[in-house]
$ cat run33.cif   # mmCIF, C-alpha atoms
data_upload
loop_
_atom_site.label_atom_id
_atom_site.label_comp_id
_atom_site.auth_asym_id
_atom_site.auth_seq_id
_atom_site.Cartn_x
_atom_site.Cartn_y
_atom_site.Cartn_z
CA MET A 519 14.87 -0.50 -13.48
CA THR A 520 11.96 1.26 -11.76
CA PHE A 521 10.37 0.98 -8.32
CA HIS A 522 7.68 2.76 -6.34
CA ALA A 523 7.03 1.79 -2.73
CA THR A 524 3.50 0.61 -1.95
CA PRO A 525 2.09 1.94 1.36
CA MET A 526 1.46 -0.60 4.10
CA PHE A 527 -1.90 1.03 4.86
CA PRO A 528 -2.99 3.11 1.84
CA GLY A 529 -5.83 5.60 2.16
CA ASP A 530 -6.72 9.21 2.88
CA LEU A 531 -4.56 9.47 6.02
CA TYR A 532 -1.48 8.35 4.12
CA ASP A 533 -2.17 10.59 1.13
CA THR A 534 -2.93 13.69 3.21
CA THR A 535 0.15 13.26 5.40
CA ALA A 536 2.30 12.72 2.32
CA ARG A 537 1.07 15.98 0.78
CA VAL A 538 1.73 17.99 3.94
CA ALA A 539 5.12 16.34 4.44
CA ALA A 540 6.16 16.95 0.83
CA ALA A 541 5.52 20.69 1.29
CA ALA A 542 7.41 20.90 4.61
CA PRO A 543 10.70 22.83 4.63
CA VAL A 544 13.84 20.72 4.46
CA THR A 545 14.96 22.24 7.78
CA GLU A 546 12.69 23.82 10.35
CA THR A 547 13.66 25.79 13.43
CA PHE A 548 12.30 24.19 16.59
CA GLU A 549 13.76 26.60 19.17
CA SER A 550 10.59 28.72 19.10
CA GLN A 551 7.83 28.23 21.66
CA GLU A 552 5.34 28.21 18.78
CA PRO A 553 4.64 25.05 16.76
CA SER A 554 6.10 24.79 13.28
CA GLU A 555 3.72 25.27 10.35
CA THR A 556 3.91 21.54 9.58
CA TRP A 557 2.95 20.56 13.13
CA ARG A 558 0.20 23.18 13.16
CA GLN A 559 -1.31 21.54 10.09
CA PHE A 560 -1.16 18.11 11.71
CA LEU A 561 -2.97 19.46 14.79
CA GLN A 562 -5.64 21.07 12.60
CA LEU A 563 -6.07 17.82 10.68
CA GLY A 564 -6.76 16.08 13.98
CA TRP A 565 -3.99 13.50 13.79
CA GLN A 566 -3.71 13.48 17.61
CA GLY A 567 -7.30 12.26 17.79
CA VAL A 568 -7.02 9.36 15.35
CA LEU A 569 -6.57 6.77 18.14
CA ILE A 570 -8.74 8.57 20.71
CA ASP A 571 -12.19 7.01 21.05
CA GLU A 572 -15.35 8.73 19.87
CA ALA A 573 -16.55 9.25 23.46
CA HIS A 574 -13.70 11.74 23.83
CA ASP A 575 -14.30 13.39 20.43
CA GLY A 576 -11.65 11.32 18.64
CA ALA A 577 -11.93 9.22 15.49
CA GLY A 578 -11.70 5.86 17.27
CA ALA A 579 -9.56 4.53 14.42
CA SER A 580 -7.08 1.66 14.42
CA LEU A 581 -3.34 1.52 14.93
CA GLY A 582 -2.99 0.85 11.21
CA ASP A 583 -4.41 4.32 10.50
CA VAL A 584 -1.77 5.99 12.65
CA ALA A 585 0.88 3.74 11.08
CA ALA A 586 -0.19 5.16 7.70
CA VAL A 587 0.50 8.67 8.99
CA ALA A 588 3.88 7.59 10.38
CA GLU A 589 4.95 5.84 7.17
CA ALA A 590 4.05 8.84 5.01
CA ALA A 591 5.95 11.16 7.36
CA GLY A 592 8.94 8.82 7.28
CA ARG A 593 9.15 9.13 3.48
CA HIS A 594 10.05 12.80 3.96
CA ALA A 595 12.18 12.44 7.14
CA LEU A 596 9.87 14.59 9.27
CA ALA A 597 11.23 15.18 12.76
CA GLN A 598 7.83 16.02 14.28
CA PRO A 599 6.91 13.77 17.28
CA LEU A 600 4.03 12.00 15.53
CA ALA A 601 4.46 8.60 17.20
CA ALA A 602 4.76 10.05 20.69
CA ARG A 603 1.93 12.58 20.56
CA CYS A 604 -0.52 10.80 18.23
CA ALA A 605 -0.19 7.18 19.40
CA VAL A 606 1.82 6.70 22.60
CA VAL A 607 -0.12 9.25 24.65
CA PRO A 608 -3.63 8.15 23.52
CA GLU A 609 -2.64 4.52 24.22
CA LEU A 610 -1.20 5.46 27.61
CA LEU A 611 -4.28 7.43 28.71
CA ALA A 612 -7.06 5.33 27.14
CA GLY A 613 -9.76 4.36 29.63
CA LEU A 614 -8.46 6.50 32.50
CA PRO A 615 -11.38 8.49 34.00
CA ALA A 616 -9.11 11.36 35.04
CA ALA A 617 -7.76 11.75 31.50
CA GLY A 618 -11.04 12.57 29.76
CA ASP A 619 -10.52 16.32 29.53
CA ILE A 620 -6.97 16.14 28.21
CA LEU A 621 -7.98 13.54 25.59
CA ARG A 622 -10.74 15.84 24.32
CA ALA A 623 -8.31 18.76 24.19
CA MET A 624 -5.83 16.62 22.23
CA ALA A 625 -8.49 15.54 19.74
CA ALA A 626 -9.39 19.20 19.19
CA GLY A 627 -5.75 20.15 18.71
CA GLU A 628 -5.86 22.42 21.77
CA ALA A 629 -3.32 20.40 23.78
CA SER A 630 -0.21 18.41 22.92
CA VAL A 631 1.15 16.00 25.52
CA CYS A 632 4.80 14.93 25.64
CA PRO A 633 5.33 11.44 27.12
CA VAL A 634 8.48 10.92 29.19
CA LEU A 635 8.75 7.22 30.01
CA GLU A 636 12.55 6.74 30.18
CA THR A 637 13.05 7.07 33.93
CA ALA A 638 15.02 3.92 34.77
CA GLN A 639 18.44 5.58 34.89
CA ALA A 640 17.36 8.60 36.91
CA PRO A 641 14.19 7.76 38.86
CA LEU A 642 11.83 10.59 39.64
CA GLY A 643 10.67 10.54 43.25
CA ALA A 644 7.26 11.72 44.44
CA ALA A 645 6.95 12.51 48.13
CA PRO A 646 3.59 13.28 49.77
CA ALA A 647 2.89 16.90 50.66
CA ALA A 648 -0.07 18.98 51.74
CA GLY A 649 -2.68 18.57 49.04
CA GLY A 650 -0.49 16.70 46.63
CA LEU A 651 3.06 15.57 45.79
CA VAL A 652 6.56 17.00 45.62
CA LEU A 653 8.83 15.82 42.80
CA ASP A 654 12.59 15.44 42.94
CA GLY A 655 14.73 13.92 40.19
CA SER A 656 14.66 14.43 36.45
CA LEU A 657 12.61 13.88 33.33
CA ARG A 658 14.95 12.28 30.81
CA GLY A 659 14.47 12.18 27.05
CA ALA A 660 11.55 14.59 26.60
CA ASP A 661 10.97 15.11 22.86
CA LEU A 662 10.40 18.85 22.60
CA THR A 663 10.89 19.11 18.86
CA GLU A 664 7.46 20.73 18.97
CA PRO A 665 6.18 22.63 22.03
CA ALA A 666 4.11 20.63 24.52
CA THR A 667 1.30 21.90 26.72
CA HIS A 668 1.59 18.96 29.14
CA PHE A 669 3.94 16.20 30.27
CA VAL A 670 2.81 12.69 31.14
CA PHE A 671 5.45 10.71 33.03
CA VAL A 672 6.21 8.04 35.62
CA ALA A 673 7.42 8.71 39.16
CA ARG A 674 7.86 6.53 42.24
CA ALA A 675 6.25 7.08 45.59
CA GLN A 676 8.32 6.70 48.76
CA ASP A 677 7.17 3.10 49.13
CA GLY A 678 8.32 2.33 45.58
CA GLU A 679 4.85 2.30 44.03
CA PRO A 680 4.92 3.60 40.43
CA LEU A 681 2.70 6.58 39.66
CA LEU A 682 1.53 7.82 36.29
CA LEU A 683 1.36 11.62 36.47
CA ILE A 684 0.28 14.43 34.19
CA ALA A 685 1.21 18.08 34.57
CA GLN A 686 1.02 21.25 32.57
CA ARG A 687 4.31 22.27 31.01
CA ASP A 688 4.42 25.50 33.05
CA ALA A 689 3.91 23.52 36.28
CA VAL A 690 7.14 21.58 35.70
CA PRO A 691 9.89 24.20 35.89
CA GLY A 692 13.47 23.06 36.09
CA HIS A 693 16.89 23.24 34.53
CA ALA A 694 16.79 21.73 31.04
CA SER A 695 19.69 20.33 29.06
CA THR A 696 18.80 20.09 25.39
CA TRP A 697 20.46 18.66 22.32
CA LEU A 698 19.68 18.31 18.63
CA GLY A 699 19.69 14.87 17.02
CA ILE A 700 21.08 14.03 13.61
CA ASP A 701 17.57 14.10 12.14
CA GLY A 702 16.59 17.44 13.71
CA ARG A 703 14.80 16.16 16.81
CA GLN A 704 15.22 18.33 19.90
CA THR A 705 15.41 16.33 23.13
CA ALA A 706 15.65 17.60 26.71
CA ASP A 707 16.54 16.34 30.17
CA ILE A 708 14.76 18.42 32.82
CA ALA A 709 16.12 18.47 36.38
CA LEU A 710 13.39 18.92 39.00
CA SER A 711 13.74 19.88 42.63
CA GLY A 712 10.84 20.46 45.00
CA VAL A 713 8.23 20.73 42.23
CA ALA A 714 4.73 20.57 43.74
CA LEU A 715 1.79 18.93 41.97
CA PRO A 716 -1.80 18.48 43.16
CA SER A 717 -3.11 15.02 43.98
CA ALA A 718 -5.30 15.23 40.86
CA ALA A 719 -2.11 14.86 38.80
CA VAL A 720 -2.06 11.12 39.59
CA LEU A 721 -3.72 9.19 36.77
CA ALA A 722 -2.84 5.59 37.73
CA ARG A 723 -0.89 3.60 40.31
CA GLY A 724 0.82 0.27 40.79
CA ASP A 725 0.90 -2.58 38.30
CA GLU A 726 -1.49 -0.78 35.96
CA VAL A 727 1.26 1.79 35.31
CA HIS A 728 3.66 -0.97 34.23
CA ARG A 729 1.07 -2.46 31.88
CA ARG A 730 0.22 0.88 30.32
CA VAL A 731 3.84 1.95 29.88
CA GLU A 732 4.79 -1.40 28.32
CA ARG A 733 1.86 -1.27 25.91
CA ALA A 734 2.41 2.39 24.98
CA SER A 735 6.14 1.83 24.46
CA ALA A 736 5.40 -1.11 22.15
CA VAL A 737 3.04 1.09 20.13
CA GLY A 738 5.67 3.82 19.95
CA GLY A 739 8.29 1.32 18.83
CA LEU A 740 6.07 -0.07 16.08
CA LEU A 741 5.27 3.39 14.75
CA ALA A 742 8.96 4.23 14.75
CA CYS A 743 9.38 1.07 12.66
CA ALA A 744 6.63 2.33 10.32
CA GLN A 745 8.57 5.57 9.88
CA ILE A 746 11.69 3.56 9.04
CA VAL A 747 9.74 1.54 6.46
CA GLY A 748 8.61 4.78 4.84
CA ALA A 749 12.17 6.13 4.81
CA LEU A 750 13.59 2.91 3.34
CA GLY A 751 11.03 2.83 0.55
CA ALA A 752 11.82 6.42 -0.41
CA MET A 753 15.57 5.72 -0.22
CA ILE A 754 15.29 2.83 -2.67
CA GLU A 755 13.20 4.94 -5.07
CA GLN A 756 15.77 7.74 -5.00
CA THR A 757 18.70 5.33 -5.31
CA ILE A 758 17.23 3.71 -8.42
CA GLU A 759 16.51 7.11 -9.94
CA TYR A 760 20.09 8.24 -9.20
CA LEU A 761 21.66 5.14 -10.74
CA THR A 762 19.41 5.43 -13.79
CA THR A 763 20.24 9.08 -14.50
CA ARG A 764 23.88 9.29 -13.35
CA VAL A 765 26.38 8.56 -16.12
CA GLN A 766 29.98 7.40 -15.73
CA PHE A 767 32.33 6.09 -18.44
CA GLY A 768 29.65 6.98 -20.96
CA VAL A 769 26.96 4.70 -19.52
CA ALA A 770 24.34 4.92 -16.77
CA LEU A 771 25.40 3.58 -13.38
CA ALA A 772 22.35 1.31 -13.48
CA THR A 773 24.06 -0.81 -16.13
CA PHE A 774 26.75 -1.99 -13.69
CA GLN A 775 25.78 -5.43 -12.41
CA ALA A 776 27.42 -5.05 -8.99
CA LEU A 777 25.37 -1.92 -8.28
CA ARG A 778 22.18 -3.61 -9.47
CA HIS A 779 22.85 -6.52 -7.09
CA ARG A 780 23.26 -4.08 -4.19
CA VAL A 781 19.93 -2.46 -5.03
CA VAL A 782 18.27 -5.88 -5.12
CA GLU A 783 19.61 -6.58 -1.63
CA MET A 784 18.11 -3.28 -0.45
CA TYR A 785 14.77 -4.16 -2.05
CA VAL A 786 14.62 -7.64 -0.51
CA ALA A 787 15.43 -6.20 2.93
CA TYR A 788 12.74 -3.54 2.48
CA GLU A 789 10.05 -6.02 1.50
CA ASN A 790 10.93 -8.22 4.48
CA VAL A 791 10.68 -5.42 7.05
CA ARG A 792 7.58 -3.98 5.40
CA GLY A 793 5.77 -7.30 5.77
CA MET A 794 6.98 -7.79 9.34
CA VAL A 795 5.91 -4.34 10.51
CA ARG A 796 2.54 -4.49 8.76
CA ARG A 797 1.72 -7.85 10.30
CA GLN A 798 2.82 -6.73 13.76
CA VAL A 799 0.66 -3.60 13.57
CA LEU A 800 -2.37 -5.67 12.56
CA GLU A 801 -1.76 -8.28 15.27
CA LEU A 802 -0.61 -6.06 18.13
CA GLU A 803 -3.57 -7.01 20.33
CA GLY A 804 -2.40 -10.62 20.44
CA ALA A 805 1.31 -9.93 20.32
CA SER A 806 3.71 -10.12 23.23
CA ALA A 807 6.42 -7.65 24.20
CA ARG A 808 8.89 -10.24 22.87
CA ASP A 809 7.32 -10.14 19.39
CA VAL A 810 7.58 -6.36 19.22
CA ALA A 811 11.15 -6.39 20.54
CA LEU A 812 12.14 -8.89 17.83
CA VAL A 813 10.77 -6.66 15.06
CA GLN A 814 12.47 -3.57 16.52
CA LEU A 815 15.78 -5.42 16.89
CA TYR A 816 15.68 -6.74 13.33
CA LEU A 817 14.75 -3.37 11.88
CA SER A 818 17.43 -1.51 13.86
CA VAL A 819 20.06 -3.64 12.11
CA THR A 820 18.46 -3.95 8.68
CA GLY A 821 17.50 -0.27 8.51
CA ARG A 822 21.10 0.72 9.13
CA GLN A 823 22.34 -1.64 6.42
CA VAL A 824 19.91 -0.26 3.83
CA ALA A 825 20.76 3.32 4.83
CA GLU A 826 24.50 2.63 4.43
CA SER A 827 23.91 1.03 1.00
CA ALA A 828 21.88 4.04 -0.15
CA ILE A 829 24.67 6.43 0.83
CA GLN A 830 27.33 4.29 -0.84
CA LEU A 831 25.33 4.00 -4.06
CA HIS A 832 24.95 7.78 -4.10
CA GLY A 833 28.75 8.10 -4.11
CA GLY A 834 29.59 7.92 -0.40
CA ILE A 835 29.03 10.30 2.50
CA GLY A 836 31.06 13.12 0.94
CA MET A 837 29.00 13.08 -2.25
CA SER A 838 25.55 12.49 -0.72
CA ARG A 839 25.47 14.72 2.36
CA GLU A 840 23.14 17.30 0.80
CA LEU A 841 20.92 14.79 -0.99
CA PRO A 842 17.47 13.72 0.27
CA ALA A 843 18.70 10.11 0.56
CA ALA A 844 21.21 11.16 3.23
CA ARG A 845 18.46 12.88 5.25
CA LEU A 846 16.34 9.75 4.98
CA ALA A 847 19.27 7.61 6.11
CA MET A 848 19.81 9.77 9.20
CA HIS A 849 16.08 9.72 9.91
CA ALA A 850 16.00 5.92 9.72
CA LEU A 851 18.97 5.65 12.07
CA ALA A 852 17.41 8.07 14.57
CA CYS A 853 14.05 6.25 14.49
CA SER A 854 15.81 2.96 15.25
CA LEU A 855 16.91 4.48 18.58
CA GLN A 856 13.43 5.62 19.59
CA TRP A 857 11.72 3.58 22.32
CA GLY A 858 14.85 1.53 22.91
CA ASP A 859 18.00 0.80 20.94
CA ARG A 860 19.05 -2.69 19.86
CA PHE A 861 20.75 -3.34 23.20
CA ALA A 862 17.53 -2.55 25.07
CA HIS A 863 15.66 -4.96 22.78
CA LEU A 864 18.29 -7.65 23.42
CA ASP A 865 17.81 -7.12 27.18
CA ARG A 866 14.04 -7.55 26.79
CA LEU A 867 14.49 -10.73 24.78
CA ALA A 868 17.01 -12.10 27.29
CA GLY A 869 14.65 -11.28 30.15
CA SER A 870 11.78 -13.01 28.36
CA ALA A 871 13.92 -16.09 27.73
CA ALA A 872 15.06 -16.18 31.35
CA ALA A 873 11.47 -15.92 32.56
CA HIS A 874 10.60 -19.08 30.61
#
$ encode --input "run33.cif" --output "structure tokens"
Amino acid sequence: MTFHATPMFPGDLYDTTARVAAAAPVTETFESQEPSETWRQFLQLGWQGVLIDEAHDGAGASLGDVAAVAEAAGRHALAQPLAARCAVVPELLAGLPAAGDILRAMAAGEASVCPVLETAQAPLGAAPAAGGLVLDGSLRGADLTEPATHFVFVARAQDGEPLLLIAQRDAVPGHASTWLGIDGRQTADIALSGVALPSAAVLARGDEVHRRVERASAVGGLLACAQIVGALGAMIEQTIEYLTTRVQFGVALATFQALRHRVVEMYVAYENVRGMVRRQVLELEGASARDVALVQLYLSVTGRQVAESAIQLHGGIGMSRELPAARLAMHALACSLQWGDRFAHLDRLAGSAAAH
């Protein structure tokens, strides 16, 4: 009984990311203001510029290329914000005249922009002031696992018009509440009061902001799914290896039919989600928000089921806590909550159904 996961998008990007990820420490400290060695390597490799067009010194590659990076990182449960910094931000800023300089800096690895798009529960207000805007409210859910040089976020003008803003990290002071996720991600809520920004901080207004945020969030969700696919493939490999080498009652665990059936269920689920995610990445241009929400909803449930099976087949949570499979399981669960949990996806699907 052997198995080796086949990459959705094989190639140099996948192989290089896999080599860097395999050499990354099992646990890294993210409290420092300096990037981790793993993230530094990703910046030097130019992963932030993969989706940025050639006019702004990027590679002008496809979403499948970034998905290859995400899948390879998912195989090693990396907590670095690859989806947010390497795909969501380039998608959010693409084609905006005012974003040219920051896109070039990202492609060169000189800047790293943290997107903060979860503002529905605590709206950030932007009031006009001399020469610019004054912000009051909070930035919720900023992924600061790695240090950011800039924030890009949504605020609302006094008349309710949405604004897409960008600001240097030092220009957005405020009280931050931080917490560490089960997979090592460090997230922050930043309370802002009377923070002044120049008018040049406004990148887009009105309905265009909604379109860009929806598109960028869909891209982020799909890449989180790609990370889950990578984690699930690695989990199945490790589970099969464990059952093949672990002996009980004088025989390998892999000889027990009930355990073999459970592994088959994991494999079938993996192949299903792998095909769904790959197709959705290839067809994103013609896909609707409903299509993406369906994939994310399905994977949030299936990924949890496969993760639970992997832990059980390794002997249960008490026996597997220190094993790589447990880290992969926690990574898959955390990724399923990125860019909306299953309840948010159900709301999107219900809203789409109501609209029709």
$ residues_around --input "run33.cif" --residues "A:Glu664" --least-positions-apart "2" --cutoff "12 Å" --atoms "all atoms listed in the file" --output "PyMOL selection string"
chain A and resi 546-558+560-561+596-600+602-603+629-632+660-662+666-668+702-706
$ residues_around --input "run33.cif" --residues "stretch 708-714 of chain A" --least-positions-apart "5" --cutoff "10 Å" --atoms "only C-alpha atoms" --output "ChimeraX atom specification"
/A:640,642-660,689-696
$ atom_distance --input "run33.cif" --atom1 "atom CA of A:Thr757" --atom2 "atom CA of A:Gly833"
10.5 Å
$ resolve_selection --input "run33.cif" --expression "the PyMOL selection byres ((chain A and resi 750-756) around 9)" --output "PyMOL selection string"
chain A and resi 520-524+592-594+745-749+757-761+781+784-785+788-789+821+824-825+828+842-844+846-847+850
$ resolve_selection --input "run33.cif" --expression "the PyMOL selection byres ((chain A and resi 867) around 10)" --output "count of residues only"
19
$ resolve_selection --input "run33.cif" --expression "the PyMOL selection byres ((chain A and resi 723) around 9)" --output "PyMOL selection string"
chain A and resi 679-682+720-722+724-728
$ write_last_selection --input "run33.cif" --atoms "C-alpha atoms" --output "PDB file, keeping the file's coordinate frame"
ATOM      1  CA  GLU A 679       4.850   2.300  44.030  1.00  0.00           C
ATOM      2  CA  PRO A 680       4.920   3.600  40.430  1.00  0.00           C
ATOM      3  CA  LEU A 681       2.700   6.580  39.660  1.00  0.00           C
ATOM      4  CA  LEU A 682       1.530   7.820  36.290  1.00  0.00           C
ATOM      5  CA  VAL A 720      -2.060  11.120  39.590  1.00  0.00           C
ATOM      6  CA  LEU A 721      -3.720   9.190  36.770  1.00  0.00           C
ATOM      7  CA  ALA A 722      -2.840   5.590  37.730  1.00  0.00           C
ATOM      8  CA  GLY A 724       0.820   0.270  40.790  1.00  0.00           C
ATOM      9  CA  ASP A 725       0.900  -2.580  38.300  1.00  0.00           C
ATOM     10  CA  GLU A 726      -1.490  -0.780  35.960  1.00  0.00           C
ATOM     11  CA  VAL A 727       1.260   1.790  35.310  1.00  0.00           C
ATOM     12  CA  HIS A 728       3.660  -0.970  34.230  1.00  0.00           C
TER      13      HIS A 728
END
$ decode --input "run33.cif" --residues "stretch 562-584 of chain A" --atoms "N, CA, C and O atoms" --output "tab-separated table (two decimals), in the first residue's frame"
chain	number	residue	atom	x	y	z
A	562	GLN	N	13.04	36.84	-1.71
A	562	GLN	CA	14.17	36.85	-2.64
A	562	GLN	C	13.87	36.07	-3.91
A	562	GLN	O	14.35	36.42	-5.00
A	563	LEU	N	13.07	35.02	-3.78
A	563	LEU	CA	12.68	34.24	-4.96
A	563	LEU	C	11.69	34.98	-5.85
A	563	LEU	O	11.47	34.60	-7.00
A	564	GLY	N	11.09	36.04	-5.30
A	564	GLY	CA	10.15	36.84	-6.09
A	564	GLY	C	8.75	36.29	-6.14
A	564	GLY	O	7.99	36.60	-7.07
A	565	TRP	N	8.35	35.51	-5.15
A	565	TRP	CA	7.01	34.92	-5.17
A	565	TRP	C	5.91	35.98	-5.13
A	565	TRP	O	4.83	35.76	-5.65
A	566	GLN	N	6.18	37.15	-4.51
A	566	GLN	CA	5.17	38.21	-4.50
A	566	GLN	C	4.92	38.78	-5.90
A	566	GLN	O	3.87	39.39	-6.14
A	567	GLY	N	5.85	38.59	-6.80
A	567	GLY	CA	5.71	39.15	-8.14
A	567	GLY	C	5.21	38.18	-9.18
A	567	GLY	O	5.12	38.53	-10.36
A	568	VAL	N	4.85	36.97	-8.76
A	568	VAL	CA	4.41	35.96	-9.74
A	568	VAL	C	3.17	36.42	-10.49
A	568	VAL	O	3.07	36.28	-11.72
A	569	LEU	N	2.18	37.00	-9.80
A	569	LEU	CA	0.94	37.46	-10.43
A	569	LEU	C	1.02	38.89	-10.95
A	569	LEU	O	0.13	39.32	-11.69
A	570	ILE	N	2.03	39.64	-10.54
A	570	ILE	CA	2.15	41.03	-10.98
A	570	ILE	C	2.59	41.05	-12.44
A	570	ILE	O	3.45	40.27	-12.86
A	571	ASP	N	2.00	41.95	-13.24
A	571	ASP	CA	2.30	41.96	-14.67
A	571	ASP	C	3.72	42.45	-14.94
A	571	ASP	O	4.38	43.06	-14.10
A	572	GLU	N	4.18	42.17	-16.16
A	572	GLU	CA	5.55	42.50	-16.53
A	572	GLU	C	5.77	44.00	-16.57
A	572	GLU	O	6.91	44.47	-16.38
A	573	ALA	N	4.73	44.79	-16.83
A	573	ALA	CA	4.87	46.25	-16.84
A	573	ALA	C	5.28	46.79	-15.49
A	573	ALA	O	5.84	47.89	-15.40
A	574	HIS	N	5.01	46.04	-14.44
A	574	HIS	CA	5.41	46.45	-13.09
A	574	HIS	C	6.49	45.53	-12.53
A	574	HIS	O	6.57	45.31	-11.31
A	575	ASP	N	7.29	44.97	-13.44
A	575	ASP	CA	8.48	44.17	-13.09
A	575	ASP	C	8.13	42.80	-12.50
A	575	ASP	O	8.99	42.15	-11.87
A	576	GLY	N	6.88	42.35	-12.67
A	576	GLY	CA	6.51	41.03	-12.19
A	576	GLY	C	6.67	39.98	-13.27
A	576	GLY	O	7.14	40.25	-14.39
A	577	ALA	N	6.26	38.75	-12.96
A	577	ALA	CA	6.39	37.65	-13.91
A	577	ALA	C	5.20	37.56	-14.85
A	577	ALA	O	5.29	36.94	-15.91
A	578	GLY	N	4.06	38.15	-14.46
A	578	GLY	CA	2.87	38.07	-15.31
A	578	GLY	C	2.38	36.65	-15.49
A	578	GLY	O	1.86	36.29	-16.54
A	579	ALA	N	2.55	35.82	-14.47
A	579	ALA	CA	2.17	34.41	-14.56
A	579	ALA	C	0.68	34.23	-14.24
A	579	ALA	O	-0.06	35.19	-14.02
A	580	SER	N	0.26	32.97	-14.21
A	580	SER	CA	-1.16	32.66	-14.02
A	580	SER	C	-1.45	32.31	-12.56
A	580	SER	O	-0.53	32.08	-11.76
A	581	LEU	N	-2.73	32.23	-12.24
A	581	LEU	CA	-3.13	31.85	-10.89
A	581	LEU	C	-2.68	30.42	-10.58
A	581	LEU	O	-2.37	30.10	-9.43
A	582	GLY	N	-2.62	29.57	-11.60
A	582	GLY	CA	-2.15	28.21	-11.39
A	582	GLY	C	-0.72	28.17	-10.87
A	582	GLY	O	-0.36	27.28	-10.08
A	583	ASP	N	0.12	29.13	-11.29
A	583	ASP	CA	1.50	29.17	-10.81
A	583	ASP	C	1.55	29.50	-9.32
A	583	ASP	O	2.35	28.92	-8.58
A	584	VAL	N	0.71	30.43	-8.89
A	584	VAL	CA	0.69	30.75	-7.46
A	584	VAL	C	0.06	29.60	-6.68
A	584	VAL	O	0.46	29.32	-5.55
